[in-house]
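This is query_22.txt. It holds compact mmCIF, C-alpha atoms.
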# COMPACT_ATOMS: atom_id res chain seq x y z
CA LEU A 1 6.45 0.53 -22.52
CA PHE A 2 3.05 -1.14 -22.89
CA ALA A 3 3.95 -3.79 -20.33
CA SER A 4 5.02 -1.11 -17.85
CA CYS A 5 1.81 0.88 -18.24
CA SER A 6 -0.34 -2.20 -17.69
CA LYS A 7 0.94 -2.72 -14.13
CA ARG A 8 -1.45 -1.19 -11.62
CA TYR A 9 -2.20 -1.47 -7.92
CA LYS A 10 -5.73 -1.54 -6.59
CA ILE A 11 -6.35 -1.21 -2.86
CA ASP A 12 -9.65 -2.39 -1.41
CA GLY A 13 -9.69 -1.25 2.22
CA LYS A 14 -12.02 -2.15 5.05
CA SER A 15 -12.08 -0.65 8.56
CA SER A 16 -14.01 -1.71 11.64
CA VAL A 17 -12.66 1.30 13.57
CA THR A 18 -15.63 3.68 13.70
CA SER A 19 -13.47 6.73 14.43
CA LEU A 20 -11.93 6.40 10.93
CA ASP A 21 -15.26 7.01 9.18
CA GLY A 22 -15.16 10.28 7.24
CA LYS A 23 -11.37 10.59 7.69
CA MET A 24 -8.85 10.85 4.86
CA LEU A 25 -6.17 8.19 4.54
CA TYR A 26 -2.92 8.86 2.66
CA LEU A 27 -0.30 6.64 1.10
CA LYS A 28 3.09 8.26 1.67
CA ALA A 29 6.55 7.33 0.42
CA LEU A 30 9.86 8.51 1.83
CA GLN A 31 11.69 10.52 -0.84
CA ASP A 32 14.89 12.47 -0.14
CA GLY A 33 14.10 12.53 3.56
CA ASP A 34 10.52 13.79 3.16
CA TRP A 35 7.20 11.92 3.24
CA VAL A 36 5.50 12.51 -0.12
CA THR A 37 1.82 11.67 -0.68
CA VAL A 38 1.32 9.02 -3.38
CA ASP A 39 -2.45 8.50 -3.11
CA SER A 40 -5.37 9.27 -0.82
CA ALA A 41 -8.94 8.19 -0.11
CA GLU A 42 -11.80 8.97 2.27
CA VAL A 43 -13.17 6.24 4.53
CA VAL A 44 -16.91 5.97 3.81
CA HIS A 45 -18.99 3.50 5.85
CA GLY A 46 -15.85 1.60 6.73
CA LEU A 47 -14.60 1.26 3.16
CA PHE A 48 -11.92 3.02 1.09
CA LYS A 49 -10.35 2.44 -2.32
CA MET A 50 -7.18 3.55 -4.09
CA LYS A 51 -5.63 2.69 -7.44
CA GLY A 52 -2.79 3.79 -9.64
CA ALA A 53 0.22 2.83 -11.72
CA ALA A 54 2.67 0.31 -10.27
CA ASP A 55 5.58 0.78 -12.65
CA SER A 56 8.03 0.17 -9.81
CA ILE A 57 7.57 -1.82 -6.62
CA ARG A 58 8.01 0.23 -3.45
CA VAL A 59 7.12 0.21 0.22
CA VAL A 60 4.84 3.00 1.40
CA THR A 61 3.08 3.83 4.66
CA LEU A 62 -0.66 4.29 5.15
CA TYR A 63 -1.23 7.48 7.14
CA MET A 64 -4.15 9.17 8.86
CA GLY A 65 -3.07 12.77 9.25
CA ASP A 66 0.44 12.70 10.70
CA GLU A 67 0.02 9.23 12.20
CA GLY A 68 1.57 6.30 10.35
CA LEU A 69 -0.78 3.33 10.54
CA MET A 70 0.83 0.48 8.61
CA PRO A 71 3.32 -0.35 5.84
CA LEU A 72 2.18 -1.51 2.41
CA VAL A 73 3.96 -2.74 -0.69
CA LEU A 74 2.69 -0.96 -3.78
CA GLU A 75 2.88 -3.64 -6.47
CA ASP A 76 0.86 -4.90 -9.39
CA GLY A 77 -2.40 -6.52 -8.26
CA ARG A 78 -5.31 -6.19 -5.86
CA ILE A 79 -4.29 -5.45 -2.28
CA ARG A 80 -6.85 -6.08 0.46
CA VAL A 81 -6.32 -3.94 3.56
CA ASN A 82 -8.10 -4.61 6.84
CA ILE A 83 -7.91 -2.17 9.75
CA ALA A 84 -9.25 -3.26 13.15
CA ASN A 85 -8.63 -2.10 16.71
CA THR A 86 -6.38 -5.06 17.46
CA GLN A 87 -4.78 -5.77 14.09
CA MET A 88 -3.91 -4.23 10.72
CA GLU A 89 -3.00 -6.37 7.73
CA ALA A 90 -2.59 -6.32 3.97
CA GLU A 91 -2.87 -9.33 1.68
CA GLY A 92 -3.54 -10.37 -1.88
CA THR A 93 -0.18 -9.75 -3.53
CA LEU A 94 3.10 -11.65 -3.21
CA LEU A 95 5.17 -9.16 -1.21
CA ASN A 96 2.31 -7.93 0.98
CA ASP A 97 1.50 -11.54 1.92
CA LYS A 98 5.18 -12.14 2.71
CA LEU A 99 5.50 -8.91 4.72
CA TYR A 100 2.47 -9.52 6.91
CA ASP A 101 3.34 -13.17 7.46
CA PHE A 102 6.68 -11.88 8.78
CA ILE A 103 4.99 -9.23 10.97
CA ASP A 104 2.55 -11.80 12.42
CA LYS A 105 5.32 -14.23 13.32
CA ARG A 106 7.53 -11.53 14.80
CA ASN A 107 4.61 -10.21 16.89
CA SER A 108 3.98 -13.74 18.18
CA MET A 109 7.62 -13.99 19.23
CA GLU A 110 7.40 -10.65 21.04
CA LEU A 111 4.29 -11.83 22.89
CA ALA A 112 6.13 -14.99 23.97
CA ILE A 113 8.95 -12.85 25.41
CA GLU A 114 6.44 -10.66 27.26
CA GLU A 115 4.74 -13.78 28.63
CA VAL A 116 8.02 -14.80 30.32
CA GLU A 117 8.02 -11.45 32.14
CA ARG A 118 4.41 -11.97 33.25
CA LYS A 119 5.27 -15.50 34.36
CA GLU A 120 8.03 -14.12 36.60
CA ALA A 121 5.62 -11.62 38.18
CA ARG A 122 3.05 -14.38 38.85
CA MET A 123 5.68 -16.63 40.46
CA VAL A 124 6.83 -13.79 42.74
CA LEU A 125 3.24 -13.20 43.83
CA ASP A 126 2.89 -16.93 44.51
CA GLY A 127 5.81 -16.71 46.91
CA VAL A 128 8.48 -18.50 44.88
CA ALA A 129 12.01 -17.45 45.89
CA LEU A 130 13.63 -14.93 43.53
CA ASP A 131 16.77 -17.06 43.20
CA ASP A 132 14.65 -19.96 41.94
CA ILE A 133 12.87 -17.75 39.41
CA HIS A 134 15.40 -15.46 37.81
CA GLY A 135 17.96 -17.90 36.41
CA PRO A 136 15.66 -20.31 34.51
CA LEU A 137 13.33 -17.55 33.25
CA GLN A 138 16.25 -15.41 32.12
CA GLN A 139 17.57 -18.34 30.10
CA GLU A 140 14.12 -18.84 28.55
CA ALA A 141 13.82 -15.13 27.69
CA ASP A 142 17.36 -15.01 26.22
CA SER A 143 16.58 -18.04 24.05
CA LEU A 144 13.39 -16.41 22.72
CA VAL A 145 15.20 -13.13 21.98
CA ARG A 146 17.94 -14.99 20.08
CA ALA A 147 15.31 -16.88 18.07
CA MET A 148 13.56 -13.63 17.15
CA ASP A 149 16.83 -11.94 16.17
CA THR A 150 17.71 -14.91 13.96
CA TYR A 151 14.27 -14.89 12.34
CA VAL A 152 14.51 -11.17 11.49
CA LYS A 153 18.08 -11.53 10.21
CA ASP A 154 17.20 -14.52 8.02
CA PHE A 155 14.17 -12.69 6.58
CA ILE A 156 16.32 -9.71 5.60
CA VAL A 157 18.95 -11.98 4.00
CA GLU A 158 16.28 -13.93 2.07
CA ASN A 159 14.88 -10.66 0.72
CA PHE A 160 18.11 -8.84 -0.16
CA GLU A 161 17.00 -8.60 -3.80
CA ASN A 162 13.57 -7.04 -3.21
CA VAL A 163 12.13 -4.06 -1.32
CA LEU A 164 11.32 -6.09 1.81
CA GLY A 165 14.99 -6.60 2.64
CA THR A 166 15.83 -2.92 2.96
CA SER A 167 12.46 -2.02 4.51
CA VAL A 168 12.64 -4.60 7.30
CA PHE A 169 16.32 -3.77 7.85
CA MET A 170 15.40 -0.11 8.42
CA MET A 171 12.46 -1.14 10.67
CA MET A 172 14.93 -3.15 12.76
CA CYS A 173 17.39 -0.25 12.88
CA SER A 174 14.65 2.18 13.95
CA THR A 175 14.24 0.25 17.23
CA LEU A 176 17.80 1.19 18.25
CA PRO A 177 18.29 4.33 20.39
CA TYR A 178 20.84 5.63 17.85
CA PRO A 179 22.73 4.22 14.81
CA VAL A 180 25.21 1.60 16.01
CA MET A 181 26.83 -1.51 14.53
CA THR A 182 25.34 -4.44 16.43
CA PRO A 183 26.59 -8.02 15.85
CA THR A 184 23.36 -8.78 13.92
CA ILE A 185 23.81 -5.75 11.65
CA GLU A 186 27.47 -6.63 11.06
CA GLU A 187 26.48 -10.18 10.07
CA ILE A 188 23.80 -8.90 7.68
CA MET A 189 26.22 -6.47 6.01
CA LYS A 190 28.84 -9.18 5.52
CA LYS A 191 26.32 -11.19 3.49
CA ALA A 192 24.66 -8.25 1.72
CA PRO A 193 25.05 -7.70 -2.04
CA LEU A 194 26.24 -4.34 -3.34
CA SER A 195 22.70 -3.31 -4.33
CA PHE A 196 21.62 -3.61 -0.68
CA LYS A 197 24.69 -1.81 0.69
CA GLU A 198 24.24 1.05 -1.78
CA HIS A 199 20.58 1.66 -0.91
CA VAL A 200 20.43 5.30 0.19
CA LEU A 201 18.83 4.62 3.61
CA VAL A 202 21.03 1.63 4.39
CA LYS A 203 24.17 3.48 3.33
CA ASP A 204 23.28 6.51 5.47
CA PHE A 205 22.54 4.36 8.55
CA ILE A 206 25.74 2.33 8.25
CA SER A 207 27.82 5.48 7.80
CA LYS A 208 26.39 7.02 10.98
CA ALA A 209 26.65 3.71 12.88
CA LYS A 210 30.35 3.39 12.04
CA GLU A 211 30.96 6.97 13.20
CA ASN A 212 29.34 6.12 16.53
Let's see the structure in the file written out as structure tokens.
Amino acid sequence: LFASCSKRYKIDGKSSVTSLDGKMLYLKALQDGDWVTVDSAEVVHGLFKMKGAADSIRVVTLYMGDEGLMPLVLEDGRIRVNIANTQMEAEGTLLNDKLYDFIDKRNSMELAIEEVERKEARMVLDGVALDDIHGPLQQEADSLVRAMDTYVKDFIVENFENVLGTSVFMMMCSTLPYPVMTPTIEEIMKKAPLSFKEHVLVKDFISKAKEN
């Protein structure tokens, strides 16, 4: 009991977005299908602070009003949050460091895929024949997409036993137009332990995906 009560999170937030000054930020967790406020703080001169008990590790979302800004892992320790116009990140604790390292790498992969599309547009403007462009660039784009899919899948598998596995899995599923069993999802579920399969959000998604 004493050990449990000693675990606390402390969030030290910093924002360079001037429009956030004077606004309230909320930490919200998804519970039984509803977003429930866990903590809140006002941004004063670009700074905000939150703290509380961290008896269980969970993923929450930092909100401004009804707008979700960024995910956070509420865990024991000091979490440093930085909000800028071009980037949002959290660091200072094990799972937050791991989560934002994943997000940074995945974003870099997405930018590389977008760069292939821009490269194709530039080559068309330079007068290169479409037949000479499409094949090689399509192969390059397909290779990058496969690499990103593999990276996401491997991250989920490596984190089956902590909150990042289910959270990133649901982030991946949220990009689909509707619940469906893709080859990547099928491969993940074949490897998943029972604790992952029985997670309420995962179980609900898989049930709907199989129906579809």
Can you find the residues with an atom no farther than 12 Å from (-4.6, -3.6, 17.0), counting only C-alpha atoms, and report them as a compact mmCIF listing (two decimals) with C-alpha atoms, in the coordinates of the input?
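Ended up saving to selection-v1.txt:
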# COMPACT_ATOMS: atom_id res chain seq x y z
CA SER A 15 -12.08 -0.65 8.56
CA SER A 16 -14.01 -1.71 11.64
CA VAL A 17 -12.66 1.30 13.57
CA LEU A 69 -0.78 3.33 10.54
CA MET A 70 0.83 0.48 8.61
CA ASN A 82 -8.10 -4.61 6.84
CA ILE A 83 -7.91 -2.17 9.75
CA ALA A 84 -9.25 -3.26 13.15
CA ASN A 85 -8.63 -2.10 16.71
CA THR A 86 -6.38 -5.06 17.46
CA GLN A 87 -4.78 -5.77 14.09
CA MET A 88 -3.91 -4.23 10.72
CA GLU A 89 -3.00 -6.37 7.73
CA ASP A 104 2.55 -11.80 12.42
CA ASN A 107 4.61 -10.21 16.89
task: For region 171-177 of chain A, work out the shell of residues within 9 Å, counting all atoms listed in the file and skipping chain neighbours fewer than 6 positions away, then give it as a list in words.
output: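 So the residues in contact are Val152, Ile185 and Phe205 of chain A.
Rounded to one decimal, CA of Glu187 (chain A) and CA of Arg58 (chain A) lie 25.1 Å from each other.
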Could you produce a table of the residues of region 64-89 of chain A lying within 12 Å of region 29-38 of chain A, with the nearest pair of atoms per residue and their separation in Å rounded to one decimal, using all atoms listed in the file, ordered by chain and increasing residue number, as JSON lines?
{"residue": "A:Met64", "atom": "CA", "partner": "A:Thr37", "partner_atom": "CA", "distance": 11.5}
{"residue": "A:Gly65", "atom": "CA", "partner": "A:Thr37", "partner_atom": "CA", "distance": 11.1}
{"residue": "A:Asp66", "atom": "CA", "partner": "A:Trp35", "partner_atom": "CA", "distance": 10.1}
{"residue": "A:Glu67", "atom": "CA", "partner": "A:Trp35", "partner_atom": "CA", "distance": 11.8}
{"residue": "A:Gly68", "atom": "CA", "partner": "A:Trp35", "partner_atom": "CA", "distance": 10.7}
{"residue": "A:Pro71", "atom": "CA", "partner": "A:Ala29", "partner_atom": "CA", "distance": 9.9}
{"residue": "A:Leu72", "atom": "CA", "partner": "A:Ala29", "partner_atom": "CA", "distance": 10.1}
{"residue": "A:Val73", "atom": "CA", "partner": "A:Ala29", "partner_atom": "CA", "distance": 10.5}
{"residue": "A:Leu74", "atom": "CA", "partner": "A:Ala29", "partner_atom": "CA", "distance": 10.1}
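Coordinates place CA of Met148 (chain A) at a distance of 19.2 Å from CA of Val180 (chain A).
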- prompt: Could you name the residues that touch Phe48 (chain A) at 12 Å or less, counting all atoms listed in the file, but leaving out those on the same chain fewer than 4 positions away, as a PyMOL selection string?
  reply: chain A and resi 10-16+20-26+39-44+79-83
Write out the residues from the selection above, keeping C-alpha atoms, as a PDB file, in the frame of the given file.
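Just written: result-v4.pdb:
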ATOM      1  CA  LYS A  10      -5.730  -1.540  -6.590  1.00  0.00           C
ATOM      2  CA  ILE A  11      -6.350  -1.210  -2.860  1.00  0.00           C
ATOM      3  CA  ASP A  12      -9.650  -2.390  -1.410  1.00  0.00           C
ATOM      4  CA  GLY A  13      -9.690  -1.250   2.220  1.00  0.00           C
ATOM      5  CA  LYS A  14     -12.020  -2.150   5.050  1.00  0.00           C
ATOM      6  CA  SER A  15     -12.080  -0.650   8.560  1.00  0.00           C
ATOM      7  CA  SER A  16     -14.010  -1.710  11.640  1.00  0.00           C
ATOM      8  CA  LEU A  20     -11.930   6.400  10.930  1.00  0.00           C
ATOM      9  CA  ASP A  21     -15.260   7.010   9.180  1.00  0.00           C
ATOM     10  CA  GLY A  22     -15.160  10.280   7.240  1.00  0.00           C
ATOM     11  CA  LYS A  23     -11.370  10.590   7.690  1.00  0.00           C
ATOM     12  CA  MET A  24      -8.850  10.850   4.860  1.00  0.00           C
ATOM     13  CA  LEU A  25      -6.170   8.190   4.540  1.00  0.00           C
ATOM     14  CA  TYR A  26      -2.920   8.860   2.660  1.00  0.00           C
ATOM     15  CA  ASP A  39      -2.450   8.500  -3.110  1.00  0.00           C
ATOM     16  CA  SER A  40      -5.370   9.270  -0.820  1.00  0.00           C
ATOM     17  CA  ALA A  41      -8.940   8.190  -0.110  1.00  0.00           C
ATOM     18  CA  GLU A  42     -11.800   8.970   2.270  1.00  0.00           C
ATOM     19  CA  VAL A  43     -13.170   6.240   4.530  1.00  0.00           C
ATOM     20  CA  VAL A  44     -16.910   5.970   3.810  1.00  0.00           C
ATOM     21  CA  ILE A  79      -4.290  -5.450  -2.280  1.00  0.00           C
ATOM     22  CA  ARG A  80      -6.850  -6.080   0.460  1.00  0.00           C
ATOM     23  CA  VAL A  81      -6.320  -3.940   3.560  1.00  0.00           C
ATOM     24  CA  ASN A  82      -8.100  -4.610   6.840  1.00  0.00           C
ATOM     25  CA  ILE A  83      -7.910  -2.170   9.750  1.00  0.00           C
TER      26      ILE A  83
END
- prompt: Any idea what the distance is between CA of Lys203 (chain A) and CA of Met181 (chain A)?
  reply: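 Separating CA of Lys203 (chain A) from CA of Met181 (chain A) is a distance of 12.5 Å.
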Provide region 64-85 of chain A rebuilt to N, CA, C and O atoms, formatted as a CSV table (one decimal), keeping the file's coordinate frame.
chain,number,residue,atom,x,y,z
A,64,MET,N,-3.0,8.3,8.6
A,64,MET,CA,-4.2,9.2,8.9
A,64,MET,C,-3.6,10.4,9.5
A,64,MET,O,-3.1,10.4,10.6
A,65,GLY,N,-3.7,11.5,8.8
A,65,GLY,CA,-3.1,12.8,9.2
A,65,GLY,C,-1.6,12.6,9.3
A,65,GLY,O,-0.9,12.2,8.4
A,66,ASP,N,-1.0,12.9,10.5
A,66,ASP,CA,0.4,12.7,10.7
A,66,ASP,C,0.8,11.4,11.3
A,66,ASP,O,1.9,11.1,11.7
A,67,GLU,N,-0.2,10.5,11.5
A,67,GLU,CA,0.0,9.2,12.2
A,67,GLU,C,0.2,8.1,11.2
A,67,GLU,O,-0.7,7.8,10.4
A,68,GLY,N,1.3,7.5,11.2
A,68,GLY,CA,1.6,6.3,10.4
A,68,GLY,C,0.8,5.1,10.9
A,68,GLY,O,1.0,4.7,12.1
A,69,LEU,N,0.0,4.5,10.1
A,69,LEU,CA,-0.8,3.3,10.5
A,69,LEU,C,-0.1,2.0,10.2
A,69,LEU,O,0.0,1.1,11.1
A,70,MET,N,0.3,1.8,9.0
A,70,MET,CA,0.8,0.5,8.6
A,70,MET,C,1.6,0.6,7.3
A,70,MET,O,1.4,1.4,6.5
A,71,PRO,N,2.6,-0.3,7.1
A,71,PRO,CA,3.3,-0.4,5.8
A,71,PRO,C,2.6,-1.1,4.8
A,71,PRO,O,1.8,-2.0,5.1
A,72,LEU,N,2.8,-0.8,3.5
A,72,LEU,CA,2.2,-1.5,2.4
A,72,LEU,C,3.2,-1.6,1.3
A,72,LEU,O,4.1,-0.7,1.2
A,73,VAL,N,3.1,-2.6,0.5
A,73,VAL,CA,4.0,-2.7,-0.7
A,73,VAL,C,3.1,-2.4,-1.9
A,73,VAL,O,2.1,-3.1,-2.1
A,74,LEU,N,3.4,-1.3,-2.6
A,74,LEU,CA,2.7,-1.0,-3.8
A,74,LEU,C,3.2,-1.8,-4.9
A,74,LEU,O,4.4,-1.6,-5.4
A,75,GLU,N,2.5,-2.8,-5.4
A,75,GLU,CA,2.9,-3.6,-6.5
A,75,GLU,C,1.7,-4.0,-7.3
A,75,GLU,O,0.5,-3.8,-6.9
A,76,ASP,N,1.9,-4.5,-8.5
A,76,ASP,CA,0.9,-4.9,-9.4
A,76,ASP,C,-0.1,-5.9,-8.8
A,76,ASP,O,0.3,-6.9,-8.2
A,77,GLY,N,-1.4,-5.6,-8.8
A,77,GLY,CA,-2.4,-6.5,-8.3
A,77,GLY,C,-3.4,-5.9,-7.3
A,77,GLY,O,-3.3,-4.6,-7.1
A,78,ARG,N,-4.3,-6.7,-6.8
A,78,ARG,CA,-5.3,-6.2,-5.9
A,78,ARG,C,-4.8,-6.4,-4.4
A,78,ARG,O,-4.6,-7.6,-4.0
A,79,ILE,N,-4.8,-5.4,-3.7
A,79,ILE,CA,-4.3,-5.4,-2.3
A,79,ILE,C,-5.5,-5.2,-1.4
A,79,ILE,O,-6.2,-4.2,-1.4
A,80,ARG,N,-5.7,-6.2,-0.5
A,80,ARG,CA,-6.8,-6.1,0.5
A,80,ARG,C,-6.3,-5.6,1.8
A,80,ARG,O,-5.4,-6.3,2.4
A,81,VAL,N,-6.8,-4.5,2.3
A,81,VAL,CA,-6.3,-3.9,3.6
A,81,VAL,C,-7.4,-4.0,4.6
A,81,VAL,O,-8.6,-3.6,4.3
A,82,ASN,N,-7.1,-4.5,5.8
A,82,ASN,CA,-8.1,-4.6,6.8
A,82,ASN,C,-7.6,-3.9,8.1
A,82,ASN,O,-6.5,-4.2,8.5
A,83,ILE,N,-8.3,-2.9,8.6
A,83,ILE,CA,-7.9,-2.2,9.8
A,83,ILE,C,-8.9,-2.4,10.9
A,83,ILE,O,-10.1,-2.2,10.7
A,84,ALA,N,-8.4,-3.0,12.0
A,84,ALA,CA,-9.2,-3.3,13.2
A,84,ALA,C,-8.5,-2.7,14.4
A,84,ALA,O,-7.4,-2.2,14.3
A,85,ASN,N,-9.2,-2.7,15.5
A,85,ASN,CA,-8.6,-2.1,16.7
A,85,ASN,C,-7.4,-2.9,17.2
A,85,ASN,O,-6.5,-2.3,17.7
